[in-house]
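Participant: Got entry-v9.csv for you, CSV, C-alpha atoms:
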chain,number,residue,atom,x,y,z
J,1414,PHE,CA,-4.5,36.5,5.7
J,1415,VAL,CA,-1.6,34.1,4.6
J,1416,GLY,CA,-2.1,35.0,1.0
J,1417,THR,CA,-1.4,38.7,1.6
J,1418,GLY,CA,2.1,37.9,2.8
J,1419,VAL,CA,1.7,39.2,6.3
J,1420,VAL,CA,2.9,35.9,7.6
J,1421,LYS,CA,4.6,33.2,5.6
J,1422,GLY,CA,7.2,30.8,6.9
J,1423,ARG,CA,6.5,31.6,10.5
J,1424,VAL,CA,3.0,30.1,10.3
J,1425,ALA,CA,4.3,27.0,8.6
J,1426,ASP,CA,7.0,26.7,11.4
J,1427,ASP,CA,4.4,26.9,14.1
J,1428,LEU,CA,2.2,24.3,12.5
J,1429,VAL,CA,5.1,22.0,12.1
J,1430,GLU,CA,6.0,22.4,15.8
J,1431,LEU,CA,2.3,21.6,16.6
J,1432,ILE,CA,2.3,18.5,14.4
J,1433,ILE,CA,5.6,17.1,15.7
J,1434,GLY,CA,4.5,17.7,19.3
J,1435,PHE,CA,1.6,15.3,18.9
J,1436,LEU,CA,3.0,12.7,16.5
J,1437,ASP,CA,3.2,10.0,19.1
J,1438,LYS,CA,0.4,11.0,21.5
J,1439,GLU,CA,-3.2,12.1,21.7
J,1440,PRO,CA,-5.3,14.0,20.9
J,1441,TRP,CA,-5.3,13.3,17.1
J,1442,GLU,CA,-7.2,16.6,16.4
J,1443,PHE,CA,-4.0,18.7,16.7
J,1444,PRO,CA,-2.1,17.1,13.9
J,1445,TYR,CA,-5.3,16.6,11.9
J,1446,PHE,CA,-6.2,20.3,11.9
J,1447,GLY,CA,-2.6,21.3,11.5
J,1448,LEU,CA,-2.4,19.3,8.3
J,1449,LEU,CA,-5.6,20.9,7.1
J,1450,CYS,CA,-4.1,24.3,7.6
J,1451,LEU,CA,-1.0,23.3,5.6
J,1452,GLU,CA,-3.3,22.0,2.9
J,1453,LYS,CA,-5.1,25.4,2.7
J,1454,MET,CA,-1.8,27.3,2.8
J,1455,ALA,CA,-0.5,25.2,-0.2
J,1456,THR,CA,-3.4,26.8,-2.2
J,1457,ALA,CA,-3.2,30.3,-0.8
J,1458,ALA,CA,0.6,30.8,-0.4
J,1459,PRO,CA,2.4,27.8,-1.9
J,1460,GLN,CA,5.8,29.6,-1.9
J,1461,SER,CA,5.8,29.8,1.9
J,1462,LEU,CA,5.7,26.0,1.9
J,1463,PHE,CA,7.7,24.8,-1.1
J,1464,THR,CA,10.8,27.0,-0.1
J,1465,ASN,CA,10.5,26.0,3.6
J,1466,ASP,CA,13.8,24.7,4.9
J,1467,THR,CA,12.4,23.4,8.2
J,1468,THR,CA,11.3,19.8,9.0
J,1469,LEU,CA,7.9,20.5,7.5
J,1470,TRP,CA,8.0,17.8,4.8
J,1471,HIS,CA,9.5,15.2,7.0
J,1472,ALA,CA,6.8,15.9,9.6
J,1473,VAL,CA,4.0,15.5,7.0
J,1474,VAL,CA,5.5,12.2,5.8
J,1475,ALA,CA,5.7,11.0,9.4
J,1476,CYS,CA,2.0,11.7,9.7
J,1477,LEU,CA,1.4,8.9,7.2
J,1478,LEU,CA,2.1,6.4,10.1
J,1479,TYR,CA,-0.2,8.2,12.6
J,1480,PRO,CA,-2.6,5.7,14.2
J,1481,HIS,CA,-5.8,7.7,13.4
J,1482,PRO,CA,-7.1,7.2,9.9
J,1483,TRP,CA,-8.2,10.8,9.4
J,1484,VAL,CA,-4.7,12.1,9.9
J,1485,LYS,CA,-3.3,9.6,7.4
J,1486,ARG,CA,-5.9,10.5,4.9
J,1487,VAL,CA,-5.3,14.3,5.0
J,1488,ALA,CA,-1.5,13.8,5.0
J,1489,ILE,CA,-1.5,11.6,1.8
J,1490,ARG,CA,-4.0,13.9,0.2
J,1491,PHE,CA,-1.8,17.0,0.9
J,1492,LEU,CA,1.3,15.3,-0.3
J,1493,GLY,CA,-0.4,14.1,-3.5
J,1494,SER,CA,-1.7,17.5,-4.3
J,1495,CYS,CA,1.8,19.0,-3.9
J,1496,LEU,CA,3.4,16.3,-6.0
J,1497,ASN,CA,0.7,16.8,-8.7
J,1498,GLU,CA,2.1,20.3,-9.3
J,1499,LEU,CA,5.5,18.9,-10.3
J,1500,GLU,CA,6.6,16.9,-13.3
J,1501,PRO,CA,8.1,13.6,-12.1
J,1502,THR,CA,10.2,12.9,-15.1
J,1503,SER,CA,12.3,16.1,-14.8
J,1504,VAL,CA,12.0,17.2,-11.1
J,1505,GLY,CA,15.3,15.6,-10.3
J,1506,GLU,CA,17.2,17.8,-12.7
J,1507,ALA,CA,15.2,21.0,-11.9
J,1508,THR,CA,16.9,23.8,-9.9
J,1509,SER,CA,14.0,26.0,-8.9
J,1510,GLU,CA,13.1,26.6,-5.3
J,1511,ALA,CA,9.6,25.4,-5.8
J,1512,THR,CA,11.0,21.9,-6.5
J,1513,SER,CA,13.8,21.9,-3.9
J,1514,TRP,CA,11.7,20.1,-1.2
J,1515,VAL,CA,11.5,16.8,-3.2
J,1516,ARG,CA,15.3,16.7,-3.3
J,1517,LYS,CA,15.8,16.8,0.4
J,1518,PRO,CA,18.0,13.8,1.4
J,1519,GLY,CA,15.9,10.7,2.3
J,1520,LEU,CA,12.5,12.4,1.9
J,1521,MET,CA,11.4,10.6,-1.2
J,1522,PHE,CA,12.5,7.2,0.3
J,1523,SER,CA,10.6,7.9,3.5
J,1524,LEU,CA,7.5,8.9,1.5
J,1525,THR,CA,7.6,5.8,-0.6
J,1526,ARG,CA,8.1,3.5,2.4
J,1527,ASN,CA,5.3,5.2,4.5
J,1528,THR,CA,2.9,5.2,1.5
J,1529,CYS,CA,3.4,1.4,1.2
J,1530,ARG,CA,2.8,1.0,4.9
J,1531,LEU,CA,-0.6,2.8,4.4
J,1532,ILE,CA,-1.7,-0.1,2.1
J,1533,ASP,CA,-1.0,-2.5,5.0
J,1534,ALA,CA,-3.5,-0.7,7.2
J,1535,LYS,CA,-6.7,-2.2,8.6
J,1536,GLU,CA,-9.3,-3.0,5.9
J,1537,ALA,CA,-11.8,-0.7,7.6
J,1538,ASP,CA,-9.4,2.3,7.3
J,1539,LEU,CA,-8.4,1.6,3.7
J,1540,ASN,CA,-11.5,3.3,2.0
J,1541,GLU,CA,-11.8,4.3,-1.6
J,1542,GLU,CA,-10.6,7.9,-1.1
J,1543,LEU,CA,-7.4,6.7,0.7
J,1544,SER,CA,-6.8,4.0,-1.9
J,1545,ILE,CA,-7.0,6.5,-4.8
J,1546,CYS,CA,-4.6,8.9,-3.1
J,1547,ILE,CA,-2.1,6.1,-2.5
J,1548,VAL,CA,-2.3,5.0,-6.1
J,1549,LYS,CA,-1.7,8.5,-7.4
J,1550,VAL,CA,1.3,9.1,-5.1
J,1551,LEU,CA,2.9,5.7,-6.0
J,1552,SER,CA,2.4,6.3,-9.7
J,1553,TRP,CA,4.2,9.7,-9.4
J,1554,LEU,CA,7.0,8.2,-7.3
J,1555,ALA,CA,7.5,5.3,-9.8
J,1556,GLN,CA,7.9,7.8,-12.6
J,1557,GLY,CA,10.5,9.7,-10.6
J,1558,MET,CA,12.3,6.5,-9.8
J,1559,VAL,CA,12.8,5.4,-13.4
J,1560,CYS,CA,14.1,8.9,-14.4
J,1561,THR,CA,16.0,10.0,-11.3
J,1562,PRO,CA,16.7,6.9,-9.1
J,1563,SER,CA,19.4,8.7,-7.0
J,1564,MET,CA,16.7,11.0,-5.6
J,1565,PHE,CA,15.1,8.0,-3.8
J,1566,TYR,CA,18.1,6.6,-2.0
J,1567,ASN,CA,18.0,6.7,1.7
J,1568,THR,CA,21.8,6.9,1.9
J,1569,LYS,CA,24.5,8.1,-0.4
J,1570,PRO,CA,26.2,5.6,-2.7
J,1571,ASP,CA,29.4,4.0,-1.4
J,1572,SER,CA,31.1,4.4,-4.7
J,1573,GLU,CA,30.6,6.0,-8.1
J,1574,ILE,CA,29.0,2.7,-9.4
J,1575,ASP,CA,25.6,2.3,-7.7
J,1576,ASP,CA,23.4,-0.5,-8.9
J,1577,ARG,CA,20.5,0.1,-6.5
J,1578,ASP,CA,17.1,0.1,-8.3
J,1579,PRO,CA,14.3,1.9,-6.3
J,1580,THR,CA,11.7,0.8,-8.9
J,1581,ARG,CA,12.5,-2.9,-8.2
J,1582,TRP,CA,12.4,-2.2,-4.5
J,1583,LEU,CA,8.9,-0.5,-4.8
J,1584,LEU,CA,7.4,-3.3,-6.9
J,1585,THR,CA,8.9,-6.0,-4.6
J,1586,ARG,CA,7.3,-4.3,-1.6
J,1587,LEU,CA,3.9,-4.1,-3.5
J,1588,CYS,CA,4.3,-7.7,-4.5
J,1589,HIS,CA,4.6,-8.8,-0.9
J,1590,LEU,CA,1.7,-6.6,0.1
J,1591,GLY,CA,-0.5,-8.2,-2.6
J,1592,ARG,CA,0.2,-11.8,-1.5
J,1593,PRO,CA,-2.0,-12.2,1.7
J,1594,LYS,CA,-5.7,-12.2,1.3
J,1595,GLY,CA,-7.5,-8.8,1.7
J,1596,GLY,CA,-9.9,-7.3,-0.7
J,1597,ARG,CA,-9.1,-3.6,-0.3
J,1598,ARG,CA,-5.4,-4.1,0.2
J,1599,ARG,CA,-5.1,-6.2,-2.9
J,1600,SER,CA,-7.3,-3.9,-5.0
J,1601,THR,CA,-5.1,-1.0,-4.1
J,1602,VAL,CA,-1.9,-2.9,-5.0
J,1603,PHE,CA,-3.5,-4.0,-8.4
J,1604,LYS,CA,-4.5,-0.4,-9.2
J,1605,ALA,CA,-1.0,0.7,-8.4
J,1606,PHE,CA,0.4,-1.9,-10.8
J,1607,ALA,CA,-1.9,-0.7,-13.5
J,1608,ALA,CA,-1.0,3.0,-12.9
J,1609,ILE,CA,2.8,2.2,-12.8
J,1610,ALA,CA,2.7,0.2,-16.0
J,1611,SER,CA,0.7,2.9,-17.8
J,1612,PHE,CA,2.7,5.9,-16.8
J,1613,CYS,CA,6.2,4.3,-16.8
J,1614,GLY,CA,5.7,2.5,-20.1
J,1615,THR,CA,8.5,0.5,-21.6
J,1616,LYS,CA,10.9,1.3,-18.8
J,1617,VAL,CA,8.9,-1.1,-16.6
J,1618,CYS,CA,7.0,-3.2,-19.1
J,1619,GLU,CA,10.1,-4.3,-21.0
J,1620,ASN,CA,11.9,-5.5,-17.8
J,1621,GLN,CA,10.9,-9.2,-17.2
J,1622,GLY,CA,11.9,-9.1,-13.6
J,1623,LEU,CA,9.6,-6.2,-12.8
J,1624,VAL,CA,6.8,-7.7,-14.8
J,1625,GLU,CA,7.1,-11.0,-12.8
J,1626,LEU,CA,6.8,-9.0,-9.5
J,1627,MET,CA,3.5,-7.6,-10.8
J,1628,LEU,CA,2.2,-10.9,-12.1
J,1629,GLU,CA,2.8,-12.9,-9.0
J,1630,PRO,CA,0.0,-11.5,-6.7
J,1631,LEU,CA,-2.3,-11.2,-9.8
J,1632,CYS,CA,-1.9,-14.9,-10.6
J,1633,ARG,CA,-2.3,-15.8,-6.9
J,1634,SER,CA,-5.6,-13.9,-6.7
J,1635,ARG,CA,-6.9,-15.5,-9.8
J,1636,THR,CA,-5.9,-19.0,-8.6
J,1637,GLU,CA,-7.7,-18.5,-5.3
J,1638,ALA,CA,-10.8,-17.2,-7.0
J,1639,SER,CA,-10.8,-20.2,-9.3
J,1640,ALA,CA,-10.5,-22.5,-6.3
J,1641,MET,CA,-13.4,-20.8,-4.6
J,1642,ARG,CA,-15.6,-21.3,-7.6
J,1643,SER,CA,-14.8,-25.0,-7.8
J,1644,GLY,CA,-15.0,-25.6,-4.0
J,1645,PRO,CA,-18.0,-26.8,-1.9
J,1646,ASN,CA,-19.2,-23.2,-1.3
J,1647,ALA,CA,-18.8,-22.3,-5.0
J,1648,SER,CA,-20.0,-18.9,-6.1
J,1649,VAL,CA,-20.8,-18.3,-9.8
J,1650,GLN,CA,-20.3,-14.5,-9.5
J,1651,GLU,CA,-16.7,-13.3,-9.4
J,1652,SER,CA,-15.5,-10.9,-6.7
J,1653,ASP,CA,-14.4,-7.4,-7.5
J,1654,GLU,CA,-10.9,-8.3,-6.6
J,1655,SER,CA,-10.8,-11.2,-9.1
J,1656,THR,CA,-12.3,-9.1,-11.8
J,1657,LEU,CA,-9.8,-6.3,-11.2
J,1658,ALA,CA,-6.9,-8.9,-11.3
J,1659,ASN,CA,-8.2,-10.2,-14.6
J,1660,ASP,CA,-8.4,-6.6,-16.0
J,1661,VAL,CA,-4.9,-5.6,-14.8
J,1662,GLN,CA,-3.3,-8.9,-16.1
J,1663,GLN,CA,-4.9,-8.3,-19.5
J,1664,MET,CA,-3.6,-4.8,-19.5
J,1665,LEU,CA,-0.1,-6.1,-18.7
J,1666,GLU,CA,-0.4,-8.6,-21.5
J,1667,ASP,CA,-1.2,-5.8,-24.0
J,1668,LYS,CA,1.6,-3.5,-22.8
J,1669,CYS,CA,4.3,-6.1,-22.1
J,1670,GLU,CA,4.1,-8.0,-25.4
J,1671,THR,CA,7.8,-8.9,-25.6
J,1672,VAL,CA,8.3,-10.3,-22.1
J,1673,TYR,CA,4.8,-11.1,-20.8
J,1674,VAL,CA,4.8,-14.8,-21.8
J,1675,GLU,CA,8.3,-15.5,-20.4
J,1676,ALA,CA,7.4,-13.6,-17.2
J,1677,LEU,CA,4.0,-15.5,-16.8
J,1678,VAL,CA,5.7,-18.9,-17.4
J,1679,ALA,CA,8.4,-18.1,-14.8
J,1680,VAL,CA,5.8,-17.0,-12.2
J,1681,GLN,CA,3.6,-20.1,-12.8
J,1682,LYS,CA,6.7,-22.4,-12.6
J,1683,ARG,CA,7.7,-20.9,-9.2
J,1684,ALA,CA,4.2,-21.4,-7.9
J,1685,ARG,CA,4.1,-25.0,-9.0
J,1686,GLU,CA,7.5,-25.7,-7.4
J,1687,LYS,CA,6.5,-24.0,-4.2
J,1688,ARG,CA,3.2,-26.1,-4.1
J,1689,ALA,CA,5.1,-29.3,-4.7
J,1690,ARG,CA,7.6,-28.5,-1.9
J,1691,ARG,CA,4.8,-27.9,0.5
J,1692,HIS,CA,3.1,-31.2,-0.4
J,1693,GLU,CA,6.4,-33.0,0.1
J,1694,GLU,CA,6.8,-31.5,3.5
J,1695,GLU,CA,3.3,-32.4,4.5
J,1696,ALA,CA,3.8,-35.9,3.3
J,1697,MET,CA,6.9,-36.3,5.4
J,1698,LEU,CA,5.1,-35.4,8.6
J,1699,ASP,CA,3.9,-38.1,10.8
J,1700,ALA,CA,0.3,-39.2,10.1
J,1701,THR,CA,-0.6,-38.6,13.8
J,1702,GLN,CA,0.7,-35.0,13.7
J,1703,THR,CA,-1.3,-34.4,10.6
J,1704,ALA,CA,-4.5,-35.8,12.1
J,1705,ALA,CA,-3.9,-33.8,15.3
J,1706,ARG,CA,-3.4,-30.6,13.3
J,1707,LYS,CA,-6.6,-31.2,11.4
J,1708,ILE,CA,-8.5,-31.7,14.7
J,1709,GLU,CA,-7.2,-28.5,16.2
J,1710,LYS,CA,-8.2,-26.7,13.0
J,1711,GLN,CA,-11.7,-28.1,13.2
J,1712,LYS,CA,-12.0,-27.0,16.8
J,1713,ARG,CA,-10.8,-23.5,16.0
J,1714,GLU,CA,-13.3,-23.3,13.1
J,1715,LYS,CA,-16.1,-24.5,15.4
J,1716,LYS,CA,-15.3,-21.8,18.0
J,1717,ARG,CA,-15.1,-19.2,15.2
J,1718,ARG,CA,-18.6,-20.1,13.9
J,1719,LYS,CA,-20.1,-20.1,17.4
J,1720,ARG,CA,-18.5,-16.7,18.1
J,1721,ARG,CA,-19.8,-15.3,14.8
J,1722,VAL,CA,-23.4,-16.6,15.6
J,1723,GLU,CA,-23.2,-14.9,19.1
J,1724,GLU,CA,-22.0,-11.7,17.6
J,1725,ASN,CA,-24.8,-11.6,15.1
J,1726,ARG,CA,-27.3,-12.5,17.8
J,1727,ARG,CA,-26.1,-9.6,20.0
J,1728,LYS,CA,-26.1,-7.2,17.0
J,1729,ASP,CA,-29.7,-8.1,16.1
J,1730,GLY,CA,-30.8,-7.7,19.8
J,1731,ARG,CA,-31.9,-11.3,20.1
J,1732,LYS,CA,-31.6,-13.3,23.3
J,1733,GLN,CA,-29.2,-16.1,23.8
J,1734,LYS,CA,-30.9,-19.5,23.2
J,1735,ARG,CA,-31.2,-21.7,26.3
J,1736,ARG,CA,-29.5,-25.0,26.0
J,1737,VAL,CA,-31.0,-28.1,27.7
J,1738,ALA,CA,-28.5,-30.1,29.6
Now that the file is in, can you turn its structure into C-alpha cells?
Facilitator:
Amino acid sequence: FVGTGVVKGRVADDLVELIIGFLDKEPWEFPYFGLLCLEKMATAAPQSLFTNDTTLWHAVVACLLYPHPWVKRVAIRFLGSCLNELEPTSVGEATSEATSWVRKPGLMFSLTRNTCRLIDAKEADLNEELSICIVKVLSWLAQGMVCTPSMFYNTKPDSEIDDRDPTRWLLTRLCHLGRPKGGRRRSTVFKAFAAIASFCGTKVCENQGLVELMLEPLCRSRTEASAMRSGPNASVQESDESTLANDVQQMLEDKCETVYVEALVAVQKRAREKRARRHEEEAMLDATQTAARKIEKQKREKKRRKRRVEENRRKDGRKQKRRVA
C-alpha cells in the first residue's frame, strides 16, 4: 500500500505523532509497533522517510532511551539499517535528499549520546542482538566523525577556529563505560573499540591519546582477571570478557605499531600512580576506622550470602530450614 505511493509522508507523520505521544508513558506497545511500521516503510518506500522534514528522526533517536528493552532494540536496529545505506566517509559532503536527514542539526550528536547510554543499560537487557546493533552504529558514527566532525556538534562553533574533537568525546565516553565491572557492557565496549580501530584506521590508531582511551579499560579488565586467577577462589579458565580483552588489545598492538608501546606505558603508569595514591590514603586513615569499615563490609557480605541462599531455596521450591534456638 505504501509502496504504491498512495500515501507517503502522511503515514510517517501519523506514526511520529503516535510515537511522540507515548515516549514518556505506557503502554510500550504503541511506540514499539510504530517503529516496526517505520522499519517496514524504510524497505517499501524509503523516499517517504529519508526526505521527511518532520521530527521523525529525532523521535526515533529519543526512543533509544525508552524504558522498555523491545522499543530500544527496534529503534537501534531501524537506525542502523538506515545508516548502513549511506557512506559515512562522504555523507557530510553529499547534497542529495536521501542523505539530508543525517545532517539535521544536533541529530548525530543525540544519536551518539543515546547509543552510548544503551550500553549502560541493565545487563539483562543488553543481549547479543542489541550489542551487535550498537557496535555497528558506533562504528559508522566514528567513521563519520573522523571525516566530517562538524556534523556531530550539538551547537554551532563560537568562531571559525573550532578544536572540538567528537572522536575523542566518543572514545572517552566508551572508556568510562568500560571501567566498571559488567560482562556484557564491557564486551560491547571492547567490540566497539575493535570496530572503530578497524574501520577508522590510521586516523585513530596513530593518535596516542585515542589509543590510550581504548587501552585503559582493556588493561583494567586483564588486571582484574589476573587477580581473580591468583586469588583464593582462583579459576583456571578465563572468562569471555578477559579473552575478548586480550584479543582486542592484540589487534590494537598490530594496528597501532608506532604509538602502541608509548600509549600502553602511559596507561600502566597512571594505573600505578592511582593505586599508590589509594594506598597512601588508606594508610593515613585511623586504624580504628579501617577496622570498623572491614567489619561493616563483612556484615554486608554475610547478609548478601544469606539472601542469596534464601533466593535459591525459594527458586528450587525448598522449605526454609528450622533454626534451633
Participant: Compare J:Leu1626, J:Ala1455, J:Leu1543, J:Ala1475 by their minimum atom-to-atom distance to His1589 of chain J, counting all atoms listed in the file, and give me the closest one.
Facilitator: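 Among the listed residues, the smallest separation from His1589 of chain J belongs to J:Leu1626.
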Participant: Report as a PyMOL selection string all protein, DNA and RNA residues lying within 8 Å of Ala1605 of chain J, evaluated on all atoms listed in the file, omitting residues in the same chain fewer than 4 positions from it.
Facilitator: chain J and resi 1548-1549+1551-1552+1601+1609
Participant: Env of Val1678 of chain J: 12 Å cut, atoms = all atoms listed in the file, seq-sep filter 4 positions within chain, self excluded. Answer as a compact mmCIF listing (two decimals) with C-alpha atoms, in the frame of the given file.
Facilitator:
# COMPACT_ATOMS: atom_id res chain seq x y z
CA GLN J 1621 10.90 -9.20 -17.20
CA VAL J 1624 6.80 -7.70 -14.80
CA GLU J 1625 7.10 -11.00 -12.80
CA LEU J 1628 2.20 -10.90 -12.10
CA GLU J 1629 2.80 -12.90 -9.00
CA CYS J 1632 -1.90 -14.90 -10.60
CA VAL J 1672 8.30 -10.30 -22.10
CA TYR J 1673 4.80 -11.10 -20.80
CA VAL J 1674 4.80 -14.80 -21.80
CA LYS J 1682 6.70 -22.40 -12.60
CA ARG J 1683 7.70 -20.90 -9.20
CA ALA J 1684 4.20 -21.40 -7.90
CA ARG J 1685 4.10 -25.00 -9.00
Participant: Provide the atom CA of Lys1710 of chain J to atom CA of Arg1688 of chain J distance in Å, to one decimal place.
Facilitator: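 About the pair atom CA of Lys1710 of chain J and atom CA of Arg1688 of chain J: they are 20.6 Å apart.
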Participant: Choose the residue, out of J:Cys1529, J:Met1664, J:Cys1560, J:Val1722, that has the smallest atom-to-atom separation from Ala1610 of chain J; count all atoms listed in the file.
Facilitator: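 For Ala1610 of chain J, the nearest of the given residues is J:Met1664.
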Participant: In Å to one decimal, how far is atom CA of Tyr1445 of chain J from atom CA of Leu1496 of chain J?
Facilitator: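 Separation of atom CA of Leu1496 of chain J and atom CA of Tyr1445 of chain J: 19.9 Å.
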Participant: Counting all atoms listed in the file, find the residues whose atoms lie at most 10 Å from (6.7, 11.6, 8.7) (file coordinates) and write them out as an MDAnalysis selection string.
Facilitator: chainID J and resid 1432:1433 1436 1468:1479 1488 1520 1523:1524 1527
Participant: Could you dump the residues just selected with C-alpha atoms as a PDB file, keeping the file's coordinate frame?
Facilitator:
ATOM      1  CA  ILE J1432       2.300  18.500  14.400  1.00  0.00           C
ATOM      2  CA  ILE J1433       5.600  17.100  15.700  1.00  0.00           C
ATOM      3  CA  LEU J1436       3.000  12.700  16.500  1.00  0.00           C
ATOM      4  CA  THR J1468      11.300  19.800   9.000  1.00  0.00           C
ATOM      5  CA  LEU J1469       7.900  20.500   7.500  1.00  0.00           C
ATOM      6  CA  TRP J1470       8.000  17.800   4.800  1.00  0.00           C
ATOM      7  CA  HIS J1471       9.500  15.200   7.000  1.00  0.00           C
ATOM      8  CA  ALA J1472       6.800  15.900   9.600  1.00  0.00           C
ATOM      9  CA  VAL J1473       4.000  15.500   7.000  1.00  0.00           C
ATOM     10  CA  VAL J1474       5.500  12.200   5.800  1.00  0.00           C
ATOM     11  CA  ALA J1475       5.700  11.000   9.400  1.00  0.00           C
ATOM     12  CA  CYS J1476       2.000  11.700   9.700  1.00  0.00           C
ATOM     13  CA  LEU J1477       1.400   8.900   7.200  1.00  0.00           C
ATOM     14  CA  LEU J1478       2.100   6.400  10.100  1.00  0.00           C
ATOM     15  CA  TYR J1479      -0.200   8.200  12.600  1.00  0.00           C
ATOM     16  CA  ALA J1488      -1.500  13.800   5.000  1.00  0.00           C
ATOM     17  CA  LEU J1520      12.500  12.400   1.900  1.00  0.00           C
ATOM     18  CA  SER J1523      10.600   7.900   3.500  1.00  0.00           C
ATOM     19  CA  LEU J1524       7.500   8.900   1.500  1.00  0.00           C
ATOM     20  CA  ASN J1527       5.300   5.200   4.500  1.00  0.00           C
TER      21      ASN J1527
END
Participant: Closest to Val1559 of chain J among J:Arg1713, J:Arg1599, J:Arg1516, J:Lys1616, using all atoms listed in the file?
Facilitator: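 The closest residue to Val1559 of chain J is J:Lys1616.
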Participant: Can you tell me how far atom CA of Glu1675 of chain J sits from atom CA of Leu1631 of chain J, in Å to one decimal?
Facilitator: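 According to the coordinates, atom CA of Glu1675 of chain J and atom CA of Leu1631 of chain J are separated by 15.6 Å.
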Participant: Excluding same-chain residues fewer than 4 positions from segment 1656-1660 of chain J, what lies within 10 Å of it counting only C-alpha atoms, as a PyMOL selection string?
Facilitator: chain J and resi 1599-1600+1603-1604+1607+1628+1630-1635+1638+1650-1652+1664-1666
Participant: Can you tell me, as a ChimeraX atom specification, what residues are no more than 8 Å from segment 1501-1504 of chain J when counting all atoms listed in the file, ignoring any on the same chain fewer than 5 positions away?
Facilitator: /J:1512,1515,1553-1554,1556-1557,1560-1561
Participant: Go through J:Ala1608, J:Met1454, J:Val1680, J:Leu1584 and flag the residue nearest Leu1623 of chain J, using only C-alpha atoms for the distances.
Facilitator: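 Going through J:Ala1608, J:Met1454, J:Val1680, J:Leu1584 one by one, the smallest distance to Leu1623 of chain J is for J:Leu1584.
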Participant: Once you've located segment 1616-1629 of chain J in the structure I gave, write it as a PDB file, in the first residue's frame, keeping N, CA, C and O atoms.
Facilitator:
ATOM      1  N   LYS J1616      43.642   7.126  11.217  1.00  0.00           N
ATOM      2  CA  LYS J1616      43.117   8.362  11.796  1.00  0.00           C
ATOM      3  C   LYS J1616      42.869   8.218  13.294  1.00  0.00           C
ATOM      4  O   LYS J1616      42.838   9.218  14.014  1.00  0.00           O
ATOM      5  N   VAL J1617      42.702   6.993  13.747  1.00  0.00           N
ATOM      6  CA  VAL J1617      42.542   6.727  15.177  1.00  0.00           C
ATOM      7  C   VAL J1617      43.779   6.030  15.734  1.00  0.00           C
ATOM      8  O   VAL J1617      44.268   6.380  16.813  1.00  0.00           O
ATOM      9  N   CYS J1618      44.311   5.067  15.000  1.00  0.00           N
ATOM     10  CA  CYS J1618      45.397   4.230  15.520  1.00  0.00           C
ATOM     11  C   CYS J1618      46.733   4.958  15.611  1.00  0.00           C
ATOM     12  O   CYS J1618      47.649   4.462  16.274  1.00  0.00           O
ATOM     13  N   GLU J1619      46.887   6.088  14.951  1.00  0.00           N
ATOM     14  CA  GLU J1619      48.131   6.840  15.048  1.00  0.00           C
ATOM     15  C   GLU J1619      48.037   8.006  16.026  1.00  0.00           C
ATOM     16  O   GLU J1619      48.974   8.793  16.138  1.00  0.00           O
ATOM     17  N   ASN J1620      46.932   8.127  16.711  1.00  0.00           N
ATOM     18  CA  ASN J1620      46.736   9.162  17.726  1.00  0.00           C
ATOM     19  C   ASN J1620      46.921   8.528  19.097  1.00  0.00           C
ATOM     20  O   ASN J1620      46.086   7.731  19.550  1.00  0.00           O
ATOM     21  N   GLN J1621      48.003   8.846  19.785  1.00  0.00           N
ATOM     22  CA  GLN J1621      48.323   8.192  21.047  1.00  0.00           C
ATOM     23  C   GLN J1621      47.253   8.434  22.099  1.00  0.00           C
ATOM     24  O   GLN J1621      46.909   7.533  22.871  1.00  0.00           O
ATOM     25  N   GLY J1622      46.691   9.640  22.148  1.00  0.00           N
ATOM     26  CA  GLY J1622      45.658   9.925  23.138  1.00  0.00           C
ATOM     27  C   GLY J1622      44.435   9.046  22.961  1.00  0.00           C
ATOM     28  O   GLY J1622      43.855   8.558  23.944  1.00  0.00           O
ATOM     29  N   LEU J1623      44.028   8.811  21.713  1.00  0.00           N
ATOM     30  CA  LEU J1623      42.865   7.965  21.454  1.00  0.00           C
ATOM     31  C   LEU J1623      43.166   6.509  21.771  1.00  0.00           C
ATOM     32  O   LEU J1623      42.307   5.783  22.290  1.00  0.00           O
ATOM     33  N   VAL J1624      44.378   6.070  21.461  1.00  0.00           N
ATOM     34  CA  VAL J1624      44.759   4.689  21.761  1.00  0.00           C
ATOM     35  C   VAL J1624      44.788   4.463  23.273  1.00  0.00           C
ATOM     36  O   VAL J1624      44.388   3.403  23.766  1.00  0.00           O
ATOM     37  N   GLU J1625      45.235   5.454  24.034  1.00  0.00           N
ATOM     38  CA  GLU J1625      45.243   5.332  25.491  1.00  0.00           C
ATOM     39  C   GLU J1625      43.827   5.158  26.034  1.00  0.00           C
ATOM     40  O   GLU J1625      43.605   4.384  26.978  1.00  0.00           O
ATOM     41  N   LEU J1626      42.866   5.881  25.463  1.00  0.00           N
ATOM     42  CA  LEU J1626      41.479   5.758  25.919  1.00  0.00           C
ATOM     43  C   LEU J1626      40.948   4.348  25.687  1.00  0.00           C
ATOM     44  O   LEU J1626      40.152   3.840  26.498  1.00  0.00           O
ATOM     45  N   MET J1627      41.370   3.701  24.608  1.00  0.00           N
ATOM     46  CA  MET J1627      40.917   2.334  24.345  1.00  0.00           C
ATOM     47  C   MET J1627      41.650   1.324  25.220  1.00  0.00           C
ATOM     48  O   MET J1627      41.084   0.308  25.640  1.00  0.00           O
ATOM     49  N   LEU J1628      42.915   1.582  25.513  1.00  0.00           N
ATOM     50  CA  LEU J1628      43.705   0.624  26.288  1.00  0.00           C
ATOM     51  C   LEU J1628      43.339   0.606  27.766  1.00  0.00           C
ATOM     52  O   LEU J1628      43.484  -0.429  28.428  1.00  0.00           O
ATOM     53  N   GLU J1629      42.861   1.725  28.303  1.00  0.00           N
ATOM     54  CA  GLU J1629      42.629   1.794  29.748  1.00  0.00           C
ATOM     55  C   GLU J1629      41.640   0.746  30.251  1.00  0.00           C
ATOM     56  O   GLU J1629      41.956  -0.020  31.172  1.00  0.00           O
TER      57      GLU J1629
END
